[in-house]
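Okay, start_4.tsv now, which holds TSV, C-alpha atoms:
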```
chain	number	residue	atom	x	y	z
A	135	MET	CA	14.14	-10.57	-10.60
A	136	GLU	CA	14.95	-12.46	-13.78
A	137	LEU	CA	14.69	-15.77	-11.91
A	138	ALA	CA	11.32	-14.72	-10.49
A	139	THR	CA	9.89	-14.06	-13.94
A	140	LYS	CA	11.29	-17.36	-15.28
A	141	THR	CA	9.79	-19.41	-12.44
A	142	ASN	CA	6.32	-17.90	-12.78
A	143	ALA	CA	3.98	-20.89	-13.06
A	144	ALA	CA	0.76	-18.95	-13.56
A	145	LYS	CA	-1.02	-18.64	-16.90
A	146	PHE	CA	-1.86	-15.02	-16.09
A	147	ASP	CA	0.31	-11.92	-15.63
A	148	ALA	CA	1.26	-12.62	-12.03
A	149	SER	CA	2.33	-10.07	-9.45
A	150	VAL	CA	5.93	-10.01	-8.26
A	151	GLU	CA	6.17	-9.66	-4.50
A	152	MET	CA	8.89	-8.95	-1.97
A	153	HIS	CA	8.72	-10.35	1.55
A	154	ILE	CA	11.15	-8.89	4.07
A	155	ARG	CA	11.54	-10.05	7.67
A	156	LEU	CA	12.66	-7.20	9.90
A	157	GLY	CA	14.39	-7.14	13.26
A	158	VAL	CA	11.78	-4.81	14.73
A	159	ASP	CA	9.16	-5.30	17.45
A	160	PRO	CA	5.83	-4.25	15.89
A	161	ARG	CA	4.36	-3.85	19.38
A	162	GLN	CA	6.58	-0.82	19.90
A	163	ALA	CA	4.96	2.31	18.46
A	164	ASP	CA	8.18	3.66	16.93
A	165	GLN	CA	8.98	0.27	15.35
A	166	ASN	CA	5.53	-0.35	13.81
A	167	ILE	CA	6.71	0.40	10.26
A	168	ARG	CA	4.08	1.89	7.92
A	169	ALA	CA	4.83	4.01	4.88
A	170	THR	CA	4.23	4.49	1.17
A	171	VAL	CA	6.49	4.45	-1.87
A	172	SER	CA	5.90	5.59	-5.43
A	173	LEU	CA	7.13	2.84	-7.74
A	174	PRO	CA	8.86	4.39	-10.80
A	175	HIS	CA	7.19	1.93	-13.18
A	176	GLY	CA	3.90	1.68	-11.31
A	177	SER	CA	2.40	-1.34	-9.61
A	178	GLY	CA	0.68	-2.81	-12.67
A	179	LYS	CA	-2.57	-2.96	-10.75
A	180	THR	CA	-5.76	-1.10	-11.63
A	181	VAL	CA	-7.00	0.52	-8.44
A	182	ARG	CA	-10.46	1.93	-7.82
A	183	ILE	CA	-10.27	5.14	-5.82
A	184	ALA	CA	-13.06	6.74	-3.82
A	185	VAL	CA	-12.87	10.32	-2.57
A	186	PHE	CA	-14.84	11.57	0.43
A	187	ALA	CA	-14.64	15.35	0.36
A	188	PRO	CA	-16.67	18.60	0.15
A	189	GLU	CA	-18.44	19.34	-3.11
A	190	GLY	CA	-15.86	21.99	-3.98
A	191	ASP	CA	-13.22	19.26	-4.37
A	192	HIS	CA	-15.34	16.89	-6.47
A	193	ALA	CA	-14.49	18.23	-9.94
A	194	ALA	CA	-10.72	18.16	-9.32
A	195	ALA	CA	-10.89	14.65	-7.86
A	196	THR	CA	-12.88	13.37	-10.83
A	197	ALA	CA	-10.46	15.02	-13.26
A	198	ALA	CA	-7.55	13.32	-11.46
A	199	GLY	CA	-9.12	9.93	-12.10
A	200	ALA	CA	-11.18	9.15	-8.98
A	201	ASP	CA	-13.77	6.42	-9.62
A	202	ILE	CA	-16.18	7.43	-6.87
A	203	VAL	CA	-16.54	10.97	-5.54
A	204	GLY	CA	-19.08	11.97	-2.93
A	205	ASP	CA	-20.15	13.66	0.26
A	206	GLU	CA	-23.35	12.73	2.11
A	207	ASP	CA	-24.30	10.37	-0.74
A	208	PHE	CA	-21.04	8.48	-0.21
A	209	MET	CA	-21.93	7.93	3.46
A	210	LYS	CA	-25.19	6.32	2.32
A	211	GLN	CA	-23.12	3.82	0.33
A	212	LEU	CA	-21.11	3.02	3.45
A	213	ASP	CA	-24.34	2.59	5.42
A	214	LYS	CA	-25.25	-0.14	2.93
A	215	GLU	CA	-21.70	-1.56	3.24
A	216	GLU	CA	-21.09	-0.94	-0.47
A	217	LEU	CA	-17.31	-0.98	-0.80
A	218	ASN	CA	-16.74	-0.66	-4.54
A	219	PHE	CA	-13.23	0.75	-4.17
A	220	ASP	CA	-9.67	-0.27	-3.26
A	221	ILE	CA	-8.42	3.04	-1.81
A	222	LEU	CA	-10.37	5.71	0.08
A	223	VAL	CA	-9.08	9.30	0.14
A	224	SER	CA	-10.53	11.84	2.56
A	225	THR	CA	-9.89	15.45	3.50
A	226	PRO	CA	-8.75	15.99	7.14
A	227	ALA	CA	-11.98	17.83	7.97
A	228	TYR	CA	-14.08	14.87	6.81
A	229	MET	CA	-12.20	12.22	8.79
A	230	PRO	CA	-14.41	12.54	11.92
A	231	LYS	CA	-17.43	11.59	9.79
A	232	LEU	CA	-15.75	8.26	8.99
A	233	GLY	CA	-15.38	7.39	12.67
A	234	LYS	CA	-18.60	5.39	12.83
A	235	TYR	CA	-17.44	3.29	9.86
A	236	ALA	CA	-14.12	2.29	11.48
A	237	ARG	CA	-15.25	-1.31	12.06
A	238	LEU	CA	-16.29	-1.57	8.41
A	239	LEU	CA	-13.24	0.09	6.85
A	240	GLY	CA	-10.45	-0.68	9.34
A	241	PRO	CA	-10.23	-4.49	9.07
A	242	ARG	CA	-10.23	-4.19	5.27
A	243	GLY	CA	-7.38	-1.68	5.29
A	244	LEU	CA	-9.57	1.00	3.74
A	245	MET	CA	-9.59	3.60	6.53
A	246	PRO	CA	-7.72	6.73	5.30
A	247	ASN	CA	-4.47	7.43	7.11
A	248	PRO	CA	-1.98	10.33	6.87
A	249	LYS	CA	0.94	7.85	6.75
A	250	SER	CA	-0.49	6.19	3.65
A	251	GLY	CA	-1.16	9.54	1.94
A	252	THR	CA	-4.92	8.99	1.93
A	253	VAL	CA	-5.75	11.83	4.31
A	254	ALA	CA	-4.98	14.90	2.23
A	255	ALA	CA	-6.16	18.47	1.81
A	256	ASP	CA	-5.27	18.19	-1.90
A	257	VAL	CA	-7.38	15.16	-2.83
A	258	ALA	CA	-6.62	15.50	-6.54
A	259	LYS	CA	-2.88	15.12	-5.87
A	260	ALA	CA	-3.54	12.10	-3.63
A	261	VAL	CA	-5.61	10.46	-6.39
A	262	THR	CA	-2.95	11.15	-9.03
A	263	GLU	CA	-0.20	9.60	-6.86
A	264	ALA	CA	-2.29	6.52	-6.08
A	265	LYS	CA	-3.10	5.99	-9.75
A	266	ALA	CA	0.55	6.45	-10.73
A	267	GLY	CA	1.74	3.54	-8.62
A	268	ARG	CA	2.04	4.65	-5.01
A	269	VAL	CA	1.78	1.59	-2.79
A	270	GLU	CA	1.50	1.31	0.95
A	271	TYR	CA	3.45	-1.19	2.99
A	272	ARG	CA	3.39	-2.03	6.68
A	273	VAL	CA	4.95	-4.56	9.00
A	274	ASP	CA	2.68	-7.37	10.21
A	275	LYS	CA	2.57	-9.00	13.66
A	276	GLN	CA	5.37	-11.38	12.64
A	277	ALA	CA	7.59	-8.38	11.75
A	278	ILE	CA	7.35	-9.10	8.02
A	279	VAL	CA	6.69	-6.58	5.26
A	280	HIS	CA	4.89	-7.85	2.14
A	281	VAL	CA	4.70	-5.63	-0.95
A	282	SER	CA	3.92	-6.09	-4.63
A	283	ILE	CA	6.45	-4.34	-6.86
A	284	GLY	CA	4.91	-5.00	-10.28
A	285	LYS	CA	3.92	-7.70	-12.75
A	286	VAL	CA	5.88	-10.44	-14.51
A	287	SER	CA	5.26	-8.64	-17.83
A	288	PHE	CA	7.35	-5.68	-16.60
A	289	GLY	CA	10.54	-7.66	-17.16
A	290	ALA	CA	13.53	-7.94	-14.84
A	291	ASP	CA	14.94	-4.44	-15.48
A	292	LYS	CA	11.79	-2.52	-14.53
A	293	LEU	CA	11.15	-4.81	-11.58
A	294	LEU	CA	14.68	-4.15	-10.33
A	295	VAL	CA	14.12	-0.37	-10.48
A	296	ASN	CA	10.87	-0.74	-8.53
A	297	ALA	CA	12.53	-3.07	-6.01
A	298	ASN	CA	15.36	-0.60	-5.37
A	299	ALA	CA	12.86	2.24	-4.91
A	300	PHE	CA	11.04	0.17	-2.30
A	301	LEU	CA	14.26	-0.81	-0.52
A	302	ASP	CA	15.42	2.83	-0.41
A	303	SER	CA	12.09	3.76	1.14
A	304	LEU	CA	12.29	0.91	3.65
A	305	LYS	CA	15.82	1.87	4.70
A	306	SER	CA	14.60	5.40	5.45
A	307	GLN	CA	12.08	3.91	7.90
A	308	LYS	CA	14.70	2.26	10.14
A	309	PRO	CA	13.78	3.22	13.73
A	310	SER	CA	16.45	5.12	15.62
A	311	SER	CA	15.68	3.02	18.72
A	312	LEU	CA	16.46	-0.27	16.96
A	313	LYS	CA	19.49	-2.12	18.26
A	314	GLY	CA	20.76	-4.81	15.91
A	315	ILE	CA	19.91	-5.89	12.37
A	316	PHE	CA	17.09	-4.08	10.60
A	317	VAL	CA	16.58	-6.44	7.66
A	318	LYS	CA	16.96	-10.12	8.53
A	319	THR	CA	15.83	-11.97	5.41
A	320	THR	CA	14.53	-11.03	1.97
A	321	SER	CA	12.72	-13.15	-0.59
A	322	VAL	CA	11.05	-12.54	-3.94
A	323	SER	CA	8.22	-14.54	-5.46
A	324	THR	CA	5.47	-14.38	-8.04
A	325	THR	CA	1.83	-15.01	-7.11
A	326	MET	CA	2.09	-18.79	-7.58
A	327	GLY	CA	5.86	-19.16	-7.92
A	328	PRO	CA	8.52	-20.33	-5.45
A	329	GLY	CA	10.15	-18.05	-2.93
A	330	ILE	CA	13.60	-16.91	-4.04
A	331	LYS	CA	16.03	-15.91	-1.28
A	332	VAL	CA	17.93	-12.69	-1.84
A	333	GLU	CA	21.28	-11.83	-0.31
A	334	ASN	CA	20.79	-8.99	2.15
A	335	THR	CA	22.09	-5.57	1.14
A	336	VAL	CA	20.33	-3.66	3.94
A	337	ASN	CA	21.48	-3.71	7.59
```
Re-express the file's structure as structure tokens.
Amino acid sequence: MELATKTNAAKFDASVEMHIRLGVDPRQADQNIRATVSLPHGSGKTVRIAVFAPEGDHAAATAAGADIVGDEDFMKQLDKEELNFDILVSTPAYMPKLGKYARLLGPRGLMPNPKSGTVAADVAKAVTEAKAGRVEYRVDKQAIVHVSIGKVSFGADKLLVNANAFLDSLKSQKPSSLKGIFVKTTSVSTTMGPGIKVENTVN
């Protein structure tokens, strides 16, 4: 982590990312890794959160820090393809209403999902966790997980704590059907910096 911060070439406060190649087959349902982790020191990113829920939940969601809160009026924004948010939280009962927007939200990674904590009966809690630094990670088609664990300005110590929290979460996702090595290679990099290989500590 210290080497990553020292090799940051950007003039701005770059993100620090981990890239982990897994020994899974993403085509298998039980090996298609997708989960969330709450980073102890946060992600360093400012996220805009929208909440799609009944009017009775609006006040609590706003108090928790949601940037956009709505019901039918929110659907009108989606009709216009206005996506002024980074995370969308919905109550389970309202998920069917989002079905017709799947092609708009899905490719952008904005469709709420129980695994990412964005489908929740307690929307205020979901907003609070997202604001506090909960990040979602998932394996791509090449069996690689990419996740941002903070900013260069955090310093090596805080980045290490966040990295260990992520690795603990990832280890808990190891599929029981997997035969062989779970984590093949690990590297750390900043937004514009070089990739730094890390000795594997996860099997």
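Compared by their closest atoms to Thr139 (chain A), and using all atoms listed in the file, the residues A:Ser321, A:Ser287, A:Asn247, A:Ser282 rank with A:Ser287 nearest.
Nearest residue to Gly190 (chain A) among A:Pro226, A:Pro246, A:Gly251, A:Gly204 is A:Gly204, counting all atoms listed in the file.
Considering the residues A:Lys259, A:Lys249, A:His192, A:Lys308 and counting all atoms listed in the file, Val171 (chain A) has its shortest atom-to-atom contact with A:Lys249.
Of the listed residues (A:Arg272, A:Val223, A:Ile202, A:Leu212), A:Arg272 comes nearest to Ser303 (chain A); the distances count all atoms listed in the file.
In this model, the gap between CA of Leu301 (chain A) and CA of Lys265 (chain A) comes to 20.8 Å.
What separates CA of Asp205 (chain A) from CA of Ser177 (chain A) is a distance of 28.8 Å.
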Could you tell me how far CA of Leu222 (chain A) lies from CA of Ala264 (chain A), in Å and to one decimal?
10.2 Å
Nearest residue to Met229 (chain A) from the set A:Val185, A:Tyr271, A:Glu216, A:Gln276 (distances using all atoms listed in the file)
A:Val185
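Comparing A:Ala297, A:Ala227, A:Ile221, A:Ala148 by their smallest distance to Ala255 (chain A), the closest is A:Ala227 (using all atoms listed in the file).
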Residues within 10 Å of Gly176 (chain A), please, as a ChimeraX atom specification. Count all atoms listed in the file; anything in the same chain fewer than 6 positions from it doesn't count.
/A:263-269,283-285,288,292-293,296
Any chance you could work out the axis-aligned box around region 250-254 of chain A, listed atoms only, 3 Å on each side, giving centre and edge lengths in Å to one decimal, as AutoDock Vina command-line options?
```
--center_x -3.1 --center_y 10.5 --center_z 3.1 --size_x 11.3 --size_y 14.7 --size_z 8.4
```
Give me the residues near Ala194 (chain A) as a JSON list (two decimals) with C-alpha atoms, in the frame of the given file, where near means some atom within 9 Å (using all atoms listed in the file) and where sequence neighbours in that chain fewer than 4 positions away do not count.
```json
[["chain", "number", "residue", "atom", "x", "y", "z"],
["A", 190, "GLY", "CA", -15.86, 21.99, -3.98],
["A", 198, "ALA", "CA", -7.55, 13.32, -11.46],
["A", 199, "GLY", "CA", -9.12, 9.93, -12.10],
["A", 257, "VAL", "CA", -7.38, 15.16, -2.83],
["A", 258, "ALA", "CA", -6.62, 15.50, -6.54]]
```
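Those residues that approach Glu215 (chain A) to within 12 Å, counting all atoms listed in the file, are Phe208, Met209, Lys210, Gln211, Phe219, Tyr235, Ala236, Arg237, Leu238, Leu239 and Arg242 of chain A; same-chain residues fewer than 4 positions away are not listed.
Omitting Pro230 (chain A) and its sequence neighbours fewer than 6 positions away, and counting only C-alpha atoms, the residues within 12 Å are Phe186, Ala187, Ser224, Ala236, Met245, Pro246 and Val253 of chain A.
The residue set within 12 Å of Lys305 (chain A), counting only C-alpha atoms and dropping same-chain residues fewer than 4 places from it, reads Ile154, Leu156, Ile167, Ala169, Val171, Asn298, Ala299, Phe300, Leu301, Pro309, Ser310, Ile315, Phe316, Val317, Thr335, Val336 and Asn337 of chain A.
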